[in-house]
$ cat upload15.json   # JSON, C-alpha atoms
[["chain", "number", "residue", "atom", "x", "y", "z"],
["M", 23, "MET", "CA", -29.26, -19.13, 74.46],
["M", 24, "THR", "CA", -30.50, -21.17, 71.47],
["M", 25, "ASP", "CA", -34.26, -21.72, 71.30],
["M", 26, "PRO", "CA", -34.70, -25.53, 71.66],
["M", 27, "THR", "CA", -37.81, -25.45, 69.49],
["M", 28, "ARG", "CA", -35.97, -24.25, 66.37],
["M", 29, "LEU", "CA", -35.32, -26.94, 63.75],
["M", 30, "SER", "CA", -32.84, -27.25, 60.91],
["M", 31, "VAL", "CA", -33.73, -29.78, 58.23],
["M", 32, "ILE", "CA", -30.67, -31.22, 56.49],
["M", 33, "VAL", "CA", -30.98, -32.71, 52.98],
["M", 34, "THR", "CA", -28.06, -34.15, 51.02],
["M", 35, "THR", "CA", -28.60, -34.29, 47.26],
["M", 36, "TYR", "CA", -27.19, -35.54, 43.99],
["M", 37, "ASN", "CA", -29.39, -35.53, 40.88],
["M", 38, "ASN", "CA", -32.58, -35.88, 42.91],
["M", 39, "GLY", "CA", -34.88, -33.85, 40.70],
["M", 40, "ARG", "CA", -37.47, -36.65, 40.68],
["M", 41, "THR", "CA", -38.14, -36.60, 44.43],
["M", 42, "LEU", "CA", -36.71, -33.40, 45.91],
["M", 43, "ARG", "CA", -39.82, -31.27, 45.45],
["M", 44, "ALA", "CA", -41.97, -33.62, 47.51],
["M", 45, "CYS", "CA", -39.24, -33.85, 50.16],
["M", 46, "LEU", "CA", -38.90, -30.07, 50.56],
["M", 47, "GLU", "CA", -42.66, -29.53, 50.39],
["M", 48, "SER", "CA", -43.05, -31.73, 53.47],
["M", 49, "VAL", "CA", -40.54, -29.70, 55.53],
["M", 50, "LYS", "CA", -41.13, -26.16, 54.28],
["M", 51, "TRP", "CA", -42.53, -25.22, 57.70],
["M", 52, "ALA", "CA", -39.13, -25.79, 59.39],
["M", 53, "ASN", "CA", -37.08, -22.84, 60.66],
["M", 54, "GLU", "CA", -34.24, -23.67, 58.30],
["M", 55, "ILE", "CA", -33.58, -26.03, 55.38],
["M", 56, "VAL", "CA", -29.95, -26.76, 54.50],
["M", 57, "VAL", "CA", -29.24, -28.50, 51.18],
["M", 58, "LEU", "CA", -25.75, -29.89, 50.64],
["M", 59, "ASP", "CA", -25.45, -30.88, 47.00],
["M", 60, "SER", "CA", -22.78, -33.14, 45.47],
["M", 61, "LEU", "CA", -22.51, -31.18, 42.19],
["M", 62, "SER", "CA", -25.80, -32.24, 40.60],
["M", 63, "THR", "CA", -26.23, -31.96, 36.84],
["M", 64, "ASP", "CA", -30.04, -32.18, 36.68],
["M", 65, "ASP", "CA", -32.68, -29.73, 37.99],
["M", 66, "THR", "CA", -32.00, -30.46, 41.67],
["M", 67, "LEU", "CA", -30.66, -26.96, 42.45],
["M", 68, "ALA", "CA", -33.43, -25.22, 40.49],
["M", 69, "ILE", "CA", -36.01, -27.08, 42.60],
["M", 70, "ALA", "CA", -34.17, -26.28, 45.85],
["M", 71, "ARG", "CA", -34.13, -22.56, 45.01],
["M", 72, "ASN", "CA", -37.94, -22.56, 44.91],
["M", 73, "TYR", "CA", -37.93, -23.14, 48.67],
["M", 74, "ASN", "CA", -36.44, -21.20, 51.56],
["M", 75, "THR", "CA", -33.20, -23.18, 51.50],
["M", 76, "ARG", "CA", -29.55, -22.49, 52.18],
["M", 77, "ILE", "CA", -27.71, -24.28, 49.37],
["M", 78, "HIS", "CA", -24.11, -25.44, 49.59],
["M", 79, "GLN", "CA", -22.16, -27.59, 47.15],
["M", 80, "HIS", "CA", -19.25, -29.93, 47.77],
["M", 81, "ARG", "CA", -17.86, -32.90, 45.92],
["M", 82, "PHE", "CA", -19.04, -36.22, 47.35],
["M", 83, "MET", "CA", -16.73, -37.34, 50.17],
["M", 84, "GLY", "CA", -18.55, -40.52, 51.17],
["M", 85, "TYR", "CA", -21.93, -40.88, 52.85],
["M", 86, "GLY", "CA", -20.76, -40.33, 56.42],
["M", 87, "PRO", "CA", -18.47, -37.32, 55.86],
["M", 88, "GLN", "CA", -20.98, -35.69, 53.49],
["M", 89, "LYS", "CA", -23.85, -35.95, 55.96],
["M", 90, "GLN", "CA", -21.69, -34.79, 58.85],
["M", 91, "MET", "CA", -20.61, -31.74, 56.86],
["M", 92, "ALA", "CA", -24.28, -30.96, 56.20],
["M", 93, "VAL", "CA", -25.06, -31.24, 59.91],
["M", 94, "GLU", "CA", -22.24, -28.82, 60.73],
["M", 95, "LEU", "CA", -23.73, -26.27, 58.31],
["M", 96, "ALA", "CA", -26.94, -26.05, 60.35],
["M", 97, "SER", "CA", -27.68, -22.97, 62.43],
["M", 98, "ASN", "CA", -29.83, -24.73, 65.04],
["M", 99, "ASP", "CA", -29.00, -27.44, 67.57],
["M", 100, "TRP", "CA", -31.92, -29.67, 66.67],
["M", 101, "VAL", "CA", -31.59, -31.20, 63.21],
["M", 102, "LEU", "CA", -33.71, -33.52, 61.09],
["M", 103, "LEU", "CA", -31.51, -35.47, 58.68],
["M", 104, "LEU", "CA", -33.20, -36.54, 55.43],
["M", 105, "ASP", "CA", -32.31, -38.08, 52.10],
["M", 106, "ALA", "CA", -33.79, -36.33, 49.08],
["M", 107, "ASP", "CA", -36.07, -39.30, 48.33],
["M", 108, "GLU", "CA", -37.69, -39.19, 51.78],
["M", 109, "VAL", "CA", -40.95, -37.37, 52.58],
["M", 110, "LEU", "CA", -42.55, -36.65, 55.94],
["M", 111, "SER", "CA", -46.10, -37.97, 56.21],
["M", 112, "PRO", "CA", -48.69, -35.36, 57.27],
["M", 113, "ALA", "CA", -49.00, -37.12, 60.64],
["M", 114, "LEU", "CA", -45.24, -36.96, 61.15],
["M", 115, "GLN", "CA", -45.18, -33.25, 60.34],
["M", 116, "ASP", "CA", -47.81, -32.63, 63.01],
["M", 117, "GLU", "CA", -46.02, -34.84, 65.53],
["M", 118, "LEU", "CA", -42.70, -33.06, 64.98],
["M", 119, "ARG", "CA", -44.23, -29.62, 65.32],
["M", 120, "GLN", "CA", -45.94, -30.63, 68.56],
["M", 121, "LEU", "CA", -42.74, -32.18, 69.93],
["M", 122, "LEU", "CA", -40.67, -29.10, 69.18],
["M", 123, "GLN", "CA", -43.25, -26.75, 70.69],
["M", 124, "GLU", "CA", -43.10, -28.68, 73.95],
["M", 125, "ALA", "CA", -39.27, -28.97, 73.88],
["M", 126, "PRO", "CA", -37.89, -32.50, 73.27],
["M", 127, "ALA", "CA", -37.36, -34.63, 76.38],
["M", 128, "ALA", "CA", -34.89, -37.02, 74.69],
["M", 129, "ASP", "CA", -31.61, -36.39, 72.86],
["M", 130, "GLY", "CA", -32.67, -38.16, 69.68],
["M", 131, "TYR", "CA", -35.71, -39.71, 68.04],
["M", 132, "GLU", "CA", -36.06, -42.72, 65.76],
["M", 133, "ILE", "CA", -38.66, -42.70, 62.98],
["M", 134, "ALA", "CA", -40.27, -45.68, 61.25],
["M", 135, "ARG", "CA", -39.81, -45.63, 57.47],
["M", 136, "GLN", "CA", -42.43, -46.94, 55.06],
["M", 137, "GLU", "CA", -40.74, -48.10, 51.86],
["M", 138, "GLN", "CA", -41.67, -47.96, 48.22],
["M", 139, "LEU", "CA", -41.50, -51.55, 46.95],
["M", 140, "PHE", "CA", -41.25, -51.10, 43.20],
["M", 141, "TRP", "CA", -44.87, -50.65, 42.03],
["M", 142, "ARG", "CA", -46.42, -50.20, 45.50],
["M", 143, "MET", "CA", -45.81, -48.88, 49.01],
["M", 144, "SER", "CA", -45.17, -51.44, 51.70],
["M", 145, "HIS", "CA", -48.22, -52.58, 53.64],
["M", 146, "PRO", "CA", -48.64, -50.92, 57.08],
["M", 147, "ALA", "CA", -48.46, -54.41, 58.63],
["M", 148, "THR", "CA", -44.86, -54.83, 57.43],
["M", 149, "ARG", "CA", -42.30, -54.59, 60.24],
["M", 150, "MET", "CA", -40.62, -51.32, 59.39],
["M", 151, "ASN", "CA", -37.07, -50.28, 60.17],
["M", 152, "HIS", "CA", -36.58, -47.33, 62.51],
["M", 153, "PHE", "CA", -33.91, -44.72, 61.82],
["M", 154, "LEU", "CA", -32.46, -42.07, 64.11],
["M", 155, "ARG", "CA", -33.12, -38.86, 62.16],
["M", 156, "LEU", "CA", -34.12, -36.16, 64.63],
["M", 157, "PHE", "CA", -31.41, -35.32, 67.16],
["M", 158, "ASP", "CA", -29.59, -32.67, 69.13],
["M", 159, "ARG", "CA", -26.32, -32.27, 67.27],
["M", 160, "ARG", "CA", -24.59, -31.21, 70.49],
["M", 161, "GLN", "CA", -25.01, -34.82, 71.61],
["M", 162, "GLY", "CA", -23.41, -36.53, 68.62],
["M", 163, "GLY", "CA", -23.05, -36.66, 64.87],
["M", 164, "VAL", "CA", -22.95, -38.93, 61.82],
["M", 165, "ASP", "CA", -20.61, -41.95, 61.80],
["M", 166, "ASP", "CA", -18.07, -42.55, 59.04],
["M", 167, "MET", "CA", -19.54, -45.72, 57.53],
["M", 168, "PRO", "CA", -18.82, -45.78, 53.78],
["M", 169, "VAL", "CA", -22.42, -46.62, 52.82],
["M", 170, "HIS", "CA", -25.04, -46.88, 55.58],
["M", 171, "ALA", "CA", -23.92, -43.82, 57.54],
["M", 172, "ALA", "CA", -26.17, -42.90, 60.47],
["M", 173, "PRO", "CA", -26.25, -40.49, 63.42],
["M", 174, "LYS", "CA", -24.83, -41.65, 66.74],
["M", 175, "VAL", "CA", -26.11, -39.76, 69.77],
["M", 176, "ARG", "CA", -25.18, -39.83, 73.44],
["M", 177, "GLY", "CA", -28.09, -39.90, 75.82],
["M", 178, "ARG", "CA", -31.72, -40.88, 75.65],
["M", 179, "ILE", "CA", -33.31, -42.14, 72.41],
["M", 180, "GLU", "CA", -37.08, -42.39, 71.91],
["M", 181, "ARG", "CA", -39.33, -43.35, 68.99],
["M", 182, "LEU", "CA", -41.92, -41.23, 67.24],
["M", 183, "LYS", "CA", -45.27, -42.74, 66.29],
["M", 184, "SER", "CA", -45.71, -41.43, 62.74],
["M", 185, "LEU", "CA", -44.15, -42.52, 59.45],
["M", 186, "LEU", "CA", -41.45, -41.30, 57.12],
["M", 187, "TYR", "CA", -42.03, -42.25, 53.48],
["M", 188, "HIS", "CA", -39.11, -43.48, 51.35],
["M", 189, "PHE", "CA", -39.46, -43.35, 47.56],
["M", 190, "GLY", "CA", -36.07, -44.83, 46.72],
["M", 191, "GLU", "CA", -36.83, -48.25, 45.20],
["M", 192, "THR", "CA", -38.42, -47.07, 41.99],
["M", 193, "ASP", "CA", -37.96, -50.34, 40.10],
["M", 194, "LEU", "CA", -35.86, -53.49, 40.09],
["M", 195, "HIS", "CA", -33.21, -51.93, 37.85],
["M", 196, "ALA", "CA", -32.64, -49.10, 40.34],
["M", 197, "LYS", "CA", -32.66, -51.53, 43.27],
["M", 198, "VAL", "CA", -30.05, -53.83, 41.71],
["M", 199, "GLU", "CA", -27.86, -50.88, 40.73],
["M", 200, "LYS", "CA", -28.00, -49.62, 44.32],
["M", 201, "ILE", "CA", -27.10, -52.93, 45.96],
["M", 202, "ASN", "CA", -24.28, -53.44, 43.47],
["M", 203, "ALA", "CA", -22.79, -50.05, 44.36],
["M", 204, "TYR", "CA", -23.41, -50.48, 48.10],
["M", 205, "SER", "CA", -21.88, -53.95, 48.28],
["M", 206, "THR", "CA", -18.74, -52.73, 46.52],
["M", 207, "GLY", "CA", -18.53, -49.75, 48.87],
["M", 208, "LEU", "CA", -18.65, -52.02, 51.93],
["M", 209, "VAL", "CA", -15.68, -54.22, 50.96],
["M", 210, "GLU", "CA", -13.10, -51.86, 52.47],
["M", 211, "ASP", "CA", -15.06, -51.61, 55.72],
["M", 212, "LYS", "CA", -15.32, -55.39, 56.02],
["M", 213, "LEU", "CA", -11.59, -55.72, 55.34],
["M", 214, "LYS", "CA", -10.97, -53.54, 58.39],
["M", 215, "ARG", "CA", -13.22, -55.79, 60.45],
["M", 216, "ARG", "CA", -11.29, -58.91, 59.32],
["M", 217, "ARG", "CA", -14.29, -61.06, 58.44],
["M", 218, "TRP", "CA", -13.37, -64.73, 58.06],
["M", 219, "GLY", "CA", -15.32, -67.90, 57.24],
["M", 220, "LEU", "CA", -16.58, -66.33, 54.04],
["M", 221, "PRO", "CA", -17.59, -69.53, 52.17],
["M", 222, "LEU", "CA", -19.86, -70.59, 55.03],
["M", 223, "ILE", "CA", -21.32, -67.09, 55.34],
["M", 224, "MET", "CA", -22.11, -67.06, 51.60],
["M", 225, "ILE", "CA", -23.87, -70.43, 51.88],
["M", 226, "PHE", "CA", -25.94, -69.96, 55.03],
["M", 227, "TYR", "CA", -26.47, -66.25, 55.63],
["M", 228, "PRO", "CA", -28.43, -65.29, 52.46],
["M", 229, "PRO", "CA", -31.14, -67.97, 52.95],
["M", 230, "TRP", "CA", -31.49, -66.93, 56.59],
["M", 231, "PHE", "CA", -31.72, -63.29, 55.55],
["M", 232, "PHE", "CA", -34.49, -64.13, 53.06],
["M", 233, "LEU", "CA", -36.50, -65.92, 55.76],
["M", 234, "ARG", "CA", -35.93, -63.03, 58.15],
["M", 235, "SER", "CA", -37.10, -60.48, 55.58],
["M", 236, "TYR", "CA", -40.03, -62.42, 54.14],
["M", 237, "PHE", "CA", -41.49, -63.93, 57.29],
["M", 238, "PHE", "CA", -40.14, -62.16, 60.39],
["M", 239, "LYS", "CA", -40.38, -58.68, 58.86],
["M", 240, "ARG", "CA", -43.70, -59.73, 57.28],
["M", 241, "ASN", "CA", -42.82, -58.88, 53.69],
["M", 242, "PHE", "CA", -45.27, -61.62, 52.70],
["M", 243, "VAL", "CA", -48.09, -59.11, 53.27],
["M", 244, "ASN", "CA", -46.73, -57.13, 50.27],
["M", 245, "GLY", "CA", -47.49, -59.89, 47.77],
["M", 246, "TRP", "CA", -45.03, -60.48, 44.95],
["M", 247, "ALA", "CA", -43.36, -57.13, 45.58],
["M", 248, "GLY", "CA", -42.47, -58.34, 49.07],
["M", 249, "PHE", "CA", -41.19, -61.68, 47.76],
["M", 250, "ILE", "CA", -39.02, -59.99, 45.13],
["M", 251, "ASN", "CA", -37.71, -57.48, 47.65],
["M", 252, "SER", "CA", -36.74, -60.25, 50.07],
["M", 253, "VAL", "CA", -34.93, -62.19, 47.33],
["M", 254, "VAL", "CA", -33.00, -59.06, 46.31],
["M", 255, "ALA", "CA", -32.17, -58.32, 49.96],
["M", 256, "ALA", "CA", -30.75, -61.83, 50.34],
["M", 257, "PHE", "CA", -28.74, -61.34, 47.14],
["M", 258, "TYR", "CA", -27.39, -58.10, 48.59],
["M", 259, "VAL", "CA", -25.95, -59.78, 51.67],
["M", 260, "PHE", "CA", -24.54, -62.52, 49.41],
["M", 261, "LEU", "CA", -22.86, -59.88, 47.22],
["M", 262, "LYS", "CA", -21.24, -58.17, 50.21],
["M", 263, "TYR", "CA", -19.42, -61.33, 51.24],
["M", 264, "ALA", "CA", -18.86, -62.66, 47.72],
["M", 265, "LYS", "CA", -17.05, -59.43, 46.80],
["M", 266, "LEU", "CA", -14.98, -59.65, 49.96],
["M", 267, "TYR", "CA", -14.07, -63.25, 49.09],
["M", 268, "GLU", "CA", -13.23, -62.16, 45.54],
["M", 269, "HIS", "CA", -10.92, -59.45, 46.92],
["M", 270, "HIS", "CA", -9.01, -62.03, 48.97],
["M", 271, "GLN", "CA", -8.69, -64.35, 45.96],
["M", 272, "PHE", "CA", -7.26, -61.61, 43.74],
["M", 273, "ALA", "CA", -4.81, -60.73, 46.50],
["M", 274, "ARG", "CA", -3.83, -64.38, 46.98],
["M", 275, "HIS", "CA", -3.58, -65.63, 43.41],
["M", 276, "GLY", "CA", -3.16, -62.60, 41.17],
["M", 277, "THR", "CA", -3.06, -64.10, 37.66],
["M", 278, "ASP", "CA", -1.70, -67.52, 38.75],
["M", 279, "LEU", "CA", -4.99, -69.21, 37.83],
["M", 280, "PHE", "CA", -4.97, -67.86, 34.27],
["M", 281, "PRO", "CA", -3.25, -69.61, 31.34],
["M", 282, "GLU", "CA", 0.47, -68.95, 30.96],
["M", 283, "GLY", "CA", 1.04, -65.88, 28.84],
["M", 284, "ALA", "CA", -2.44, -64.45, 29.42],
["M", 285, "PRO", "CA", -2.55, -60.67, 29.92],
["M", 286, "PRO", "CA", -2.95, -59.48, 33.51],
["M", 287, "VAL", "CA", -6.61, -59.09, 34.43],
["M", 288, "PRO", "CA", -6.80, -56.88, 37.53],
["M", 289, "ALA", "CA", -10.14, -56.22, 39.15],
["M", 290, "ALA", "CA", -11.85, -53.20, 37.61],
["M", 291, "ARG", "CA", -11.80, -50.02, 39.68],
["M", 292, "ARG", "CA", -15.23, -48.56, 40.47],
["M", 293, "ASP", "CA", -14.58, -45.23, 42.11]]

$ encode --input "upload15.json" --output "structure tokens"
Amino acid sequence: MTDPTRLSVIVTTYNNGRTLRACLESVKWANEIVVLDSLSTDDTLAIARNYNTRIHQHRFMGYGPQKQMAVELASNDWVLLLDADEVLSPALQDELRQLLQEAPAADGYEIARQEQLFWRMSHPATRMNHFLRLFDRRQGGVDDMPVHAAPKVRGRIERLKSLLYHFGETDLHAKVEKINAYSTGLVEDKLKRRRWGLPLIMIFYPPWFFLRSYFFKRNFVNGWAGFINSVVAAFYVFLKYAKLYEHHQFARHGTDLFPEGAPPVPAARRD
């Protein structure tokens, strides 16, 4: 019978040399660390080899399938799913060790994530998002969302008290690159969901999202970093629906709206 206190930490990587060392340092006490790498070209693998890790490589299949494959590579039933730019706070490390020693009472646990906001970390008074990261893989797995893939678990879900640090938003350039890639990746998913009323969504939803982020999630306590982050977040939701609207217009008009004799101008592929 599998010991319920044993933990496999799962980390998916691609060119994460900047943050991977801190990530692995915070989980080196775990029974097992599995790294699934998407064919990195930087020093990611060299860093991973400095820790007691089991390293596998596979071409990137999409966020959901890649993370699910990593989960299936684990040897233990209880897994902690991390991105390579996430780091367990010292308090969270202690809380996890205590929880696993006592045997978890729930089937999964959500963890609050404190975000890097460009030149600072978010203020503790910010309303943080909670993510399901620690779970019994016998009770579920990772969904197949093209971008924001997450575990789905049957049974009881509880929340831990301590924080997970996220060092992903290094600067505005990186943030804008990420939302541009994410919003493109979500077009196909939204096509499946048949979203209509796009012009109205583009007009009204981004301002509402800014207010929600800046005031309701208390990003105002983060000063100008919080204001900028809320504006970019509103732009992200605008981009998601603007790109979906653009897709429909290309499908509807083709090159009919270009001058006669103009060369065909298909939308660029961004695989």

$ residues_around --input "upload15.json" --residues "Tyr236 in chain M" --least-positions-apart "4" --cutoff "9 Å" --atoms "all atoms listed in the file" --output "count of residues only"
11

$ closest_residue --input "upload15.json" --among "M:Lys239, M:Thr35, M:Leu110, M:Gly190" --to "Ala147 in chain M" --atoms "all atoms listed in the file"
M:Lys239

$ residues_around --input "upload15.json" --residues "Arg28 in chain M" --least-positions-apart "3" --cutoff "9 Å" --atoms "all atoms listed in the file" --output "PDB file with C-alpha atoms, in the frame of the given file"
ATOM      1  CA  THR M  24     -30.500 -21.170  71.470  1.00  0.00           C
ATOM      2  CA  ASP M  25     -34.260 -21.720  71.300  1.00  0.00           C
ATOM      3  CA  ALA M  52     -39.130 -25.790  59.390  1.00  0.00           C
ATOM      4  CA  ASN M  53     -37.080 -22.840  60.660  1.00  0.00           C
ATOM      5  CA  GLU M  54     -34.240 -23.670  58.300  1.00  0.00           C
ATOM      6  CA  ASN M  98     -29.830 -24.730  65.040  1.00  0.00           C
ATOM      7  CA  ASP M  99     -29.000 -27.440  67.570  1.00  0.00           C
ATOM      8  CA  TRP M 100     -31.920 -29.670  66.670  1.00  0.00           C
ATOM      9  CA  VAL M 101     -31.590 -31.200  63.210  1.00  0.00           C
ATOM     10  CA  LEU M 122     -40.670 -29.100  69.180  1.00  0.00           C
ATOM     11  CA  GLN M 123     -43.250 -26.750  70.690  1.00  0.00           C
TER      12      GLN M 123
END

$ atom_distance --input "upload15.json" --atom1 "CA of Leu194 in chain M" --atom2 "CA of Val259 in chain M"
16.5 Å

$ atom_distance --input "upload15.json" --atom1 "CA of Leu29 in chain M" --atom2 "CA of Ile55 in chain M"
8.6 Å

$ atom_distance --input "upload15.json" --atom1 "CA of Pro87 in chain M" --atom2 "CA of Ala171 in chain M"
8.6 Å

$ closest_atom_pairs --input "upload15.json" --of "range 78-146 of chain M" --to "range 174-187 of chain M" --cutoff "6 Å" --atoms "only C-alpha atoms" --output "JSON lines"
{"residue": "M:Glu108", "atom": "CA", "partner": "M:Tyr187", "partner_atom": "CA", "distance": 5.6}
{"residue": "M:Val109", "atom": "CA", "partner": "M:Tyr187", "partner_atom": "CA", "distance": 5.1}
{"residue": "M:Leu110", "atom": "CA", "partner": "M:Leu186", "partner_atom": "CA", "distance": 4.9}
{"residue": "M:Ser111", "atom": "CA", "partner": "M:Leu186", "partner_atom": "CA", "distance": 5.8}
{"residue": "M:Ala113", "atom": "CA", "partner": "M:Ser184", "partner_atom": "CA", "distance": 5.8}
{"residue": "M:Leu114", "atom": "CA", "partner": "M:Ser184", "partner_atom": "CA", "distance": 4.8}
{"residue": "M:Ala128", "atom": "CA", "partner": "M:Arg178", "partner_atom": "CA", "distance": 5.1}
{"residue": "M:Asp129", "atom": "CA", "partner": "M:Arg178", "partner_atom": "CA", "distance": 5.3}
{"residue": "M:Gly130", "atom": "CA", "partner": "M:Ile179", "partner_atom": "CA", "distance": 4.9}
{"residue": "M:Tyr131", "atom": "CA", "partner": "M:Glu180", "partner_atom": "CA", "distance": 4.9}
{"residue": "M:Glu132", "atom": "CA", "partner": "M:Arg181", "partner_atom": "CA", "distance": 4.6}
{"residue": "M:Ile133", "atom": "CA", "partner": "M:Leu182", "partner_atom": "CA", "distance": 5.6}
{"residue": "M:Ala134", "atom": "CA", "partner": "M:Leu185", "partner_atom": "CA", "distance": 5.3}
{"residue": "M:Arg135", "atom": "CA", "partner": "M:Leu186", "partner_atom": "CA", "distance": 4.6}
{"residue": "M:Gln136", "atom": "CA", "partner": "M:Tyr187", "partner_atom": "CA", "distance": 5.0}

$ residues_around --input "upload15.json" --residues "range 70-82 of chain M" --least-positions-apart "4" --cutoff "12 Å" --atoms "all atoms listed in the file" --output "ChimeraX atom specification"
/M:30-39,41-66,86-97,106,168,293

$ write_last_selection --input "upload15.json" --atoms "C-alpha atoms" --output "PDB file, keeping the file's coordinate frame"
ATOM      1  CA  SER M  30     -32.840 -27.250  60.910  1.00  0.00           C
ATOM      2  CA  VAL M  31     -33.730 -29.780  58.230  1.00  0.00           C
ATOM      3  CA  ILE M  32     -30.670 -31.220  56.490  1.00  0.00           C
ATOM      4  CA  VAL M  33     -30.980 -32.710  52.980  1.00  0.00           C
ATOM      5  CA  THR M  34     -28.060 -34.150  51.020  1.00  0.00           C
ATOM      6  CA  THR M  35     -28.600 -34.290  47.260  1.00  0.00           C
ATOM      7  CA  TYR M  36     -27.190 -35.540  43.990  1.00  0.00           C
ATOM      8  CA  ASN M  37     -29.390 -35.530  40.880  1.00  0.00           C
ATOM      9  CA  ASN M  38     -32.580 -35.880  42.910  1.00  0.00           C
ATOM     10  CA  GLY M  39     -34.880 -33.850  40.700  1.00  0.00           C
ATOM     11  CA  THR M  41     -38.140 -36.600  44.430  1.00  0.00           C
ATOM     12  CA  LEU M  42     -36.710 -33.400  45.910  1.00  0.00           C
ATOM     13  CA  ARG M  43     -39.820 -31.270  45.450  1.00  0.00           C
ATOM     14  CA  ALA M  44     -41.970 -33.620  47.510  1.00  0.00           C
ATOM     15  CA  CYS M  45     -39.240 -33.850  50.160  1.00  0.00           C
ATOM     16  CA  LEU M  46     -38.900 -30.070  50.560  1.00  0.00           C
ATOM     17  CA  GLU M  47     -42.660 -29.530  50.390  1.00  0.00           C
ATOM     18  CA  SER M  48     -43.050 -31.730  53.470  1.00  0.00           C
ATOM     19  CA  VAL M  49     -40.540 -29.700  55.530  1.00  0.00           C
ATOM     20  CA  LYS M  50     -41.130 -26.160  54.280  1.00  0.00           C
ATOM     21  CA  TRP M  51     -42.530 -25.220  57.700  1.00  0.00           C
ATOM     22  CA  ALA M  52     -39.130 -25.790  59.390  1.00  0.00           C
ATOM     23  CA  ASN M  53     -37.080 -22.840  60.660  1.00  0.00           C
ATOM     24  CA  GLU M  54     -34.240 -23.670  58.300  1.00  0.00           C
ATOM     25  CA  ILE M  55     -33.580 -26.030  55.380  1.00  0.00           C
ATOM     26  CA  VAL M  56     -29.950 -26.760  54.500  1.00  0.00           C
ATOM     27  CA  VAL M  57     -29.240 -28.500  51.180  1.00  0.00           C
ATOM     28  CA  LEU M  58     -25.750 -29.890  50.640  1.00  0.00           C
ATOM     29  CA  ASP M  59     -25.450 -30.880  47.000  1.00  0.00           C
ATOM     30  CA  SER M  60     -22.780 -33.140  45.470  1.00  0.00           C
ATOM     31  CA  LEU M  61     -22.510 -31.180  42.190  1.00  0.00           C
ATOM     32  CA  SER M  62     -25.800 -32.240  40.600  1.00  0.00           C
ATOM     33  CA  THR M  63     -26.230 -31.960  36.840  1.00  0.00           C
ATOM     34  CA  ASP M  64     -30.040 -32.180  36.680  1.00  0.00           C
ATOM     35  CA  ASP M  65     -32.680 -29.730  37.990  1.00  0.00           C
ATOM     36  CA  THR M  66     -32.000 -30.460  41.670  1.00  0.00           C
ATOM     37  CA  GLY M  86     -20.760 -40.330  56.420  1.00  0.00           C
ATOM     38  CA  PRO M  87     -18.470 -37.320  55.860  1.00  0.00           C
ATOM     39  CA  GLN M  88     -20.980 -35.690  53.490  1.00  0.00           C
ATOM     40  CA  LYS M  89     -23.850 -35.950  55.960  1.00  0.00           C
ATOM     41  CA  GLN M  90     -21.690 -34.790  58.850  1.00  0.00           C
ATOM     42  CA  MET M  91     -20.610 -31.740  56.860  1.00  0.00           C
ATOM     43  CA  ALA M  92     -24.280 -30.960  56.200  1.00  0.00           C
ATOM     44  CA  VAL M  93     -25.060 -31.240  59.910  1.00  0.00           C
ATOM     45  CA  GLU M  94     -22.240 -28.820  60.730  1.00  0.00           C
ATOM     46  CA  LEU M  95     -23.730 -26.270  58.310  1.00  0.00           C
ATOM     47  CA  ALA M  96     -26.940 -26.050  60.350  1.00  0.00           C
ATOM     48  CA  SER M  97     -27.680 -22.970  62.430  1.00  0.00           C
ATOM     49  CA  ALA M 106     -33.790 -36.330  49.080  1.00  0.00           C
ATOM     50  CA  PRO M 168     -18.820 -45.780  53.780  1.00  0.00           C
ATOM     51  CA  ASP M 293     -14.580 -45.230  42.110  1.00  0.00           C
TER      52      ASP M 293
END

$ closest_residue --input "upload15.json" --among "M:Trp141, M:Tyr204, M:Phe226, M:Phe153" --to "Lys265 in chain M" --atoms "only C-alpha atoms"
M:Tyr204

$ axis_aligned_box --input "upload15.json" --around "range 120-124 of chain M" --padding-each-side "4 Å" --output "JSON"
{"center_x": -43.3, "center_y": -29.5, "center_z": 71.3, "size_x": 13.3, "size_y": 13.4, "size_z": 13.4}

$ build_atoms --input "upload15.json" --residues "range 125-130 of chain M" --atoms "N, CA, C and O atoms" --output "JSON list (two decimals), in the frame of the given file"
[["chain", "number", "residue", "atom", "x", "y", "z"],
["M", 125, "ALA", "N", -40.69, -28.76, 73.58],
["M", 125, "ALA", "CA", -39.27, -28.97, 73.88],
["M", 125, "ALA", "C", -39.00, -30.47, 74.05],
["M", 125, "ALA", "O", -39.59, -31.11, 74.94],
["M", 126, "PRO", "N", -38.14, -31.05, 73.23],
["M", 126, "PRO", "CA", -37.89, -32.50, 73.27],
["M", 126, "PRO", "C", -37.34, -32.95, 74.62],
["M", 126, "PRO", "O", -36.47, -32.29, 75.20],
["M", 127, "ALA", "N", -37.83, -34.09, 75.10],
["M", 127, "ALA", "CA", -37.36, -34.63, 76.38],
["M", 127, "ALA", "C", -36.16, -35.55, 76.19],
["M", 127, "ALA", "O", -35.39, -35.77, 77.12],
["M", 128, "ALA", "N", -36.00, -36.12, 74.98],
["M", 128, "ALA", "CA", -34.89, -37.02, 74.69],
["M", 128, "ALA", "C", -33.81, -36.27, 73.91],
["M", 128, "ALA", "O", -33.96, -35.10, 73.57],
["M", 129, "ASP", "N", -32.71, -36.97, 73.63],
["M", 129, "ASP", "CA", -31.61, -36.39, 72.86],
["M", 129, "ASP", "C", -31.68, -36.76, 71.38],
["M", 129, "ASP", "O", -30.98, -36.16, 70.56],
["M", 130, "GLY", "N", -32.48, -37.76, 71.07],
["M", 130, "GLY", "CA", -32.67, -38.16, 69.68],
["M", 130, "GLY", "C", -33.93, -38.98, 69.53],
["M", 130, "GLY", "O", -34.43, -39.56, 70.51]]
